[in-house]
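File shown here: upload.pdb, holding PDB, C-alpha atoms, pLDDT in the B column.
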```
ATOM      1  CA  MET A   1      -2.572   7.889   7.243  1.00 74.00           C
ATOM      2  CA  ILE A   2      -6.133   6.970   8.234  1.00 82.00           C
ATOM      3  CA  ILE A   3      -4.827   4.662  10.971  1.00 86.00           C
ATOM      4  CA  TRP A   4      -2.803   7.539  12.396  1.00 88.00           C
ATOM      5  CA  ARG A   5      -5.807   9.893  12.290  1.00 90.00           C
ATOM      6  CA  ILE A   6      -7.976   7.359  14.121  1.00 89.00           C
ATOM      7  CA  GLY A   7      -5.156   6.874  16.627  1.00 91.00           C
ATOM      8  CA  VAL A   8      -5.099  10.630  17.277  1.00 94.00           C
ATOM      9  CA  ILE A   9      -8.857  10.645  17.907  1.00 93.00           C
ATOM     10  CA  LEU A  10      -8.577   7.684  20.273  1.00 92.00           C
ATOM     11  CA  GLU A  11      -5.747   9.422  22.114  1.00 94.00           C
ATOM     12  CA  ILE A  12      -7.512  12.766  22.576  1.00 95.00           C
ATOM     13  CA  GLU A  13     -10.653  10.980  23.769  1.00 93.00           C
ATOM     14  CA  LYS A  14      -8.650  10.073  26.897  1.00 95.00           C
ATOM     15  CA  PHE A  15      -8.562  13.728  27.931  1.00 97.00           C
ATOM     16  CA  PRO A  16     -11.382  15.613  29.656  1.00 97.00           C
ATOM     17  CA  LEU A  17     -13.280  18.291  27.780  1.00 97.00           C
ATOM     18  CA  PHE A  18     -11.596  21.685  27.883  1.00 97.00           C
ATOM     19  CA  TYR A  19      -8.183  20.124  28.374  1.00 98.00           C
ATOM     20  CA  SER A  20      -5.518  22.442  27.032  1.00 98.00           C
ATOM     21  CA  TRP A  21      -2.259  21.563  25.292  1.00 98.00           C
ATOM     22  CA  GLY A  22       0.560  23.961  24.553  1.00 97.00           C
ATOM     23  CA  ASP A  23       1.709  23.918  20.926  1.00 95.00           C
ATOM     24  CA  LYS A  24       4.784  21.798  21.700  1.00 95.00           C
ATOM     25  CA  GLU A  25       2.821  19.421  23.927  1.00 97.00           C
ATOM     26  CA  TRP A  26       0.186  18.965  21.192  1.00 97.00           C
ATOM     27  CA  LYS A  27       2.803  18.279  18.524  1.00 94.00           C
ATOM     28  CA  SER A  28       4.562  15.809  20.828  1.00 93.00           C
ATOM     29  CA  LEU A  29       1.283  13.996  21.528  1.00 94.00           C
ATOM     30  CA  LEU A  30       0.506  13.645  17.828  1.00 92.00           C
ATOM     31  CA  MET A  31       4.065  12.556  17.005  1.00 88.00           C
ATOM     32  CA  LYS A  32       3.804   9.709  19.527  1.00 88.00           C
ATOM     33  CA  VAL A  33       0.637   8.250  17.996  1.00 88.00           C
ATOM     34  CA  ASN A  34       1.623   5.178  15.949  1.00 78.00           C
ATOM     35  CA  LYS A  35       5.192   6.467  16.009  1.00 72.00           C
ATOM     36  CA  SER A  36       6.569   3.287  14.487  1.00 64.00           C
ATOM     37  CA  ASP A  37       4.334   3.742  11.419  1.00 67.00           C
ATOM     38  CA  TRP A  38       5.802   7.095  10.338  1.00 68.00           C
ATOM     39  CA  LEU A  39       7.553   6.738   6.984  1.00 68.00           C
ATOM     40  CA  PHE A  40      10.986   8.136   6.205  1.00 68.00           C
ATOM     41  CA  PRO A  41      10.977   9.304   2.578  1.00 69.00           C
ATOM     42  CA  GLY A  42      14.295  10.309   1.107  1.00 72.00           C
ATOM     43  CA  CYS A  43      13.161  13.460  -0.679  1.00 75.00           C
ATOM     44  CA  LEU A  44      12.434  15.610   2.395  1.00 74.00           C
ATOM     45  CA  PRO A  45      13.518  15.505   6.013  1.00 77.00           C
ATOM     46  CA  PRO A  46      11.033  13.343   7.995  1.00 72.00           C
ATOM     47  CA  GLU A  47      10.435  16.202  10.443  1.00 79.00           C
ATOM     48  CA  THR A  48       9.233  18.452   7.605  1.00 82.00           C
ATOM     49  CA  ILE A  49       6.676  15.934   6.389  1.00 82.00           C
ATOM     50  CA  ARG A  50       5.453  15.163   9.911  1.00 84.00           C
ATOM     51  CA  ASN A  51       5.001  18.864  10.653  1.00 87.00           C
ATOM     52  CA  ILE A  52       2.968  19.370   7.475  1.00 89.00           C
ATOM     53  CA  ILE A  53       0.725  16.389   8.285  1.00 90.00           C
ATOM     54  CA  ILE A  54       0.275  17.424  11.928  1.00 93.00           C
ATOM     55  CA  ASN A  55      -0.530  21.030  10.974  1.00 95.00           C
ATOM     56  CA  GLN A  56      -3.008  19.915   8.328  1.00 95.00           C
ATOM     57  CA  TYR A  57      -4.840  17.536  10.668  1.00 95.00           C
ATOM     58  CA  THR A  58      -4.812  20.068  13.498  1.00 97.00           C
ATOM     59  CA  ASN A  59      -6.450  22.602  11.158  1.00 96.00           C
ATOM     60  CA  GLU A  60      -9.088  20.017  10.225  1.00 94.00           C
ATOM     61  CA  LEU A  61      -9.835  19.323  13.908  1.00 95.00           C
ATOM     62  CA  VAL A  62     -10.209  23.078  14.444  1.00 96.00           C
ATOM     63  CA  ALA A  63     -12.495  23.380  11.397  1.00 92.00           C
ATOM     64  CA  PHE A  64     -14.714  20.567  12.711  1.00 89.00           C
ATOM     65  CA  LYS A  65     -14.762  22.205  16.157  1.00 93.00           C
ATOM     66  CA  VAL A  66     -13.165  19.290  17.991  1.00 95.00           C
ATOM     67  CA  ILE A  67     -10.437  21.622  19.244  1.00 97.00           C
ATOM     68  CA  CYS A  68      -9.981  25.366  19.197  1.00 98.00           C
ATOM     69  CA  ARG A  69      -6.892  27.518  19.234  1.00 97.00           C
ATOM     70  CA  LYS A  70      -6.507  30.108  21.969  1.00 96.00           C
ATOM     71  CA  ASP A  71      -3.208  31.984  21.962  1.00 93.00           C
ATOM     72  CA  ASN A  72      -0.524  29.259  21.983  1.00 93.00           C
ATOM     73  CA  HIS A  73      -2.831  26.520  23.215  1.00 97.00           C
ATOM     74  CA  LEU A  74      -5.213  23.999  21.706  1.00 98.00           C
ATOM     75  CA  ILE A  75      -8.323  23.198  23.731  1.00 98.00           C
ATOM     76  CA  LEU A  76     -10.534  20.131  23.419  1.00 98.00           C
ATOM     77  CA  ILE A  77     -14.031  21.595  23.074  1.00 97.00           C
ATOM     78  CA  HIS A  78     -16.061  18.669  21.687  1.00 95.00           C
ATOM     79  CA  ARG A  79     -15.695  14.931  21.575  1.00 90.00           C
ATOM     80  CA  PRO A  80     -15.049  13.590  18.094  1.00 83.00           C
ATOM     81  CA  ARG A  81     -18.203  12.198  16.550  1.00 77.00           C
ATOM     82  CA  TRP A  82     -18.216   8.594  15.353  1.00 77.00           C
ATOM     83  CA  PHE A  83     -20.580   7.525  12.593  1.00 74.00           C
ATOM     84  CA  ASN A  84     -22.140   4.124  12.012  1.00 79.00           C
ATOM     85  CA  ASP A  85     -23.177   5.173   8.526  1.00 77.00           C
ATOM     86  CA  SER A  86     -20.524   6.478   6.134  1.00 78.00           C
ATOM     87  CA  GLN A  87     -23.163   8.386   4.126  1.00 82.00           C
ATOM     88  CA  LEU A  88     -24.089  10.438   7.196  1.00 77.00           C
ATOM     89  CA  LYS A  89     -20.456  11.324   7.702  1.00 73.00           C
ATOM     90  CA  LEU A  90     -20.019  12.339   4.064  1.00 78.00           C
ATOM     91  CA  GLN A  91     -23.107  14.570   4.287  1.00 79.00           C
ATOM     92  CA  LEU A  92     -21.672  16.328   7.360  1.00 72.00           C
ATOM     93  CA  VAL A  93     -18.285  16.782   5.700  1.00 70.00           C
ATOM     94  CA  LYS A  94     -19.883  18.230   2.551  1.00 76.00           C
ATOM     95  CA  ARG A  95     -21.941  20.704   4.598  1.00 75.00           C
ATOM     96  CA  ARG A  96     -18.869  21.930   6.460  1.00 64.00           C
ATOM     97  CA  SER A  97     -16.657  22.219   3.375  1.00 60.00           C
TER      98      SER A  97
END
```

As C-alpha cells - that is how I would like this structure written.
Amino acid sequence: MIIWRIGVILEIEKFPLFYSWGDKEWKSLLMKVNKSDWLFPGCLPPETIRNIIINQYTNELVAFKVICRKDNHLILIHRPRWFNDSQLKLQLVKRRS
C-alpha cells in the first residue's frame, strides 16, 4: 500500500499547481498507478476494495491540503512535502490529526 501511495504522489507531482481533475479522471489516474500491484481478494469485488482505498487516500490528501474538492473536481493546491527526517513527519501528522 505504501508503494502505491508514493506512486500517487510521484504521479501528481507531474501536474502543474491548480490542475483540476474531474472525479472520474482522478479515480482513473489513481487506478493506473502501480496497476499490476493491485490485489484481487476473493471476499469482495476488487472494484469495491479499490474504491474504498482511493476514497480514503483522496480524503487524506484533502485533509493535508495537497488537493481540494470543488464541486465535482479535485484541484492540486500544494506540492506534497517530502521529509528527510521521519520524526518531523510524525510531528506534522500528529498536529493535523

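Between CA of Pro45 in chain A and CA of Lys27 in chain A the separation is 16.7 Å.
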
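Nearest-residue note for Asn72 in chain A: choosing from A:Trp21, A:Ile12, A:Asn59, A:Ser86, the minimum distance belongs to A:Trp21, counting only C-alpha atoms.
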
Name every residue that the PyMOL selection byres ((chain A and resi 77) around 9) selects in this structure, writing the answer as a CSV table (one decimal) with C-alpha atoms, in the coordinates of the input with chains first and numbers rising.
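Listed below is the output, selection_26.csv:
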```csv
chain,number,residue,atom,x,y,z
A,17,LEU,CA,-13.3,18.3,27.8
A,18,PHE,CA,-11.6,21.7,27.9
A,19,TYR,CA,-8.2,20.1,28.4
A,65,LYS,CA,-14.8,22.2,16.2
A,66,VAL,CA,-13.2,19.3,18.0
A,67,ILE,CA,-10.4,21.6,19.2
A,68,CYS,CA,-10.0,25.4,19.2
A,75,ILE,CA,-8.3,23.2,23.7
A,76,LEU,CA,-10.5,20.1,23.4
A,78,HIS,CA,-16.1,18.7,21.7
A,79,ARG,CA,-15.7,14.9,21.6
```

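Separating CA of Lys89 in chain A from CA of Phe64 in chain A is a distance of 12.0 Å.
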
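Counting only C-alpha atoms, the residue from A:Asp71, A:Asn84, A:Met31, A:Ile6 that sits nearest to Ile53 in chain A is A:Met31.
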
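Note that CA of Gln91 in chain A and CA of Ile52 in chain A are 26.7 Å apart.
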
Note to self: Please expand the PyMOL selection byres ((chain A and resi 51) around 12) into the concrete residues it hits in this file, giving the result as a list in words.
What the structure shows: Asp23, Lys24, Trp26, Lys27, Ser28, Leu30, Met31, Trp38, Leu44, Pro45, Pro46, Glu47, Thr48, Ile49, Arg50, Ile52, Ile53, Ile54, Asn55, Gln56, Tyr57 and Thr58 of chain A

Checklist line | Hits of the PyMOL selection byres ((chain A and resi 5) around 10) in this structure, as a PyMOL selection string | finding: chain A and resi 1-4+6-11+30+33-34+54+57

Next, write the just-selected residues to a file, as a short mmCIF file (atom, residue, chain, number, x, y, z; two decimals), in the frame of the given file, keeping C-alpha atoms as the atom set.
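Ended up saving to result24.cif:
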```
data_model
loop_
_atom_site.label_atom_id
_atom_site.label_comp_id
_atom_site.auth_asym_id
_atom_site.auth_seq_id
_atom_site.Cartn_x
_atom_site.Cartn_y
_atom_site.Cartn_z
CA MET A 1 -2.57 7.89 7.24
CA ILE A 2 -6.13 6.97 8.23
CA ILE A 3 -4.83 4.66 10.97
CA TRP A 4 -2.80 7.54 12.40
CA ILE A 6 -7.98 7.36 14.12
CA GLY A 7 -5.16 6.87 16.63
CA VAL A 8 -5.10 10.63 17.28
CA ILE A 9 -8.86 10.64 17.91
CA LEU A 10 -8.58 7.68 20.27
CA GLU A 11 -5.75 9.42 22.11
CA LEU A 30 0.51 13.64 17.83
CA VAL A 33 0.64 8.25 18.00
CA ASN A 34 1.62 5.18 15.95
CA ILE A 54 0.28 17.42 11.93
CA TYR A 57 -4.84 17.54 10.67
#
```

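The shortest atom-to-atom distance to Glu60 in chain A, with only C-alpha atoms taken into account, belongs to A:Val93 out of A:His73, A:Trp82, A:Val93, A:Ser20.
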
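Proximity ranking of A:Leu29, A:Arg95, A:Cys43, A:Asp85 relative to Ala63 in chain A places A:Arg95 first, based on only C-alpha atoms.
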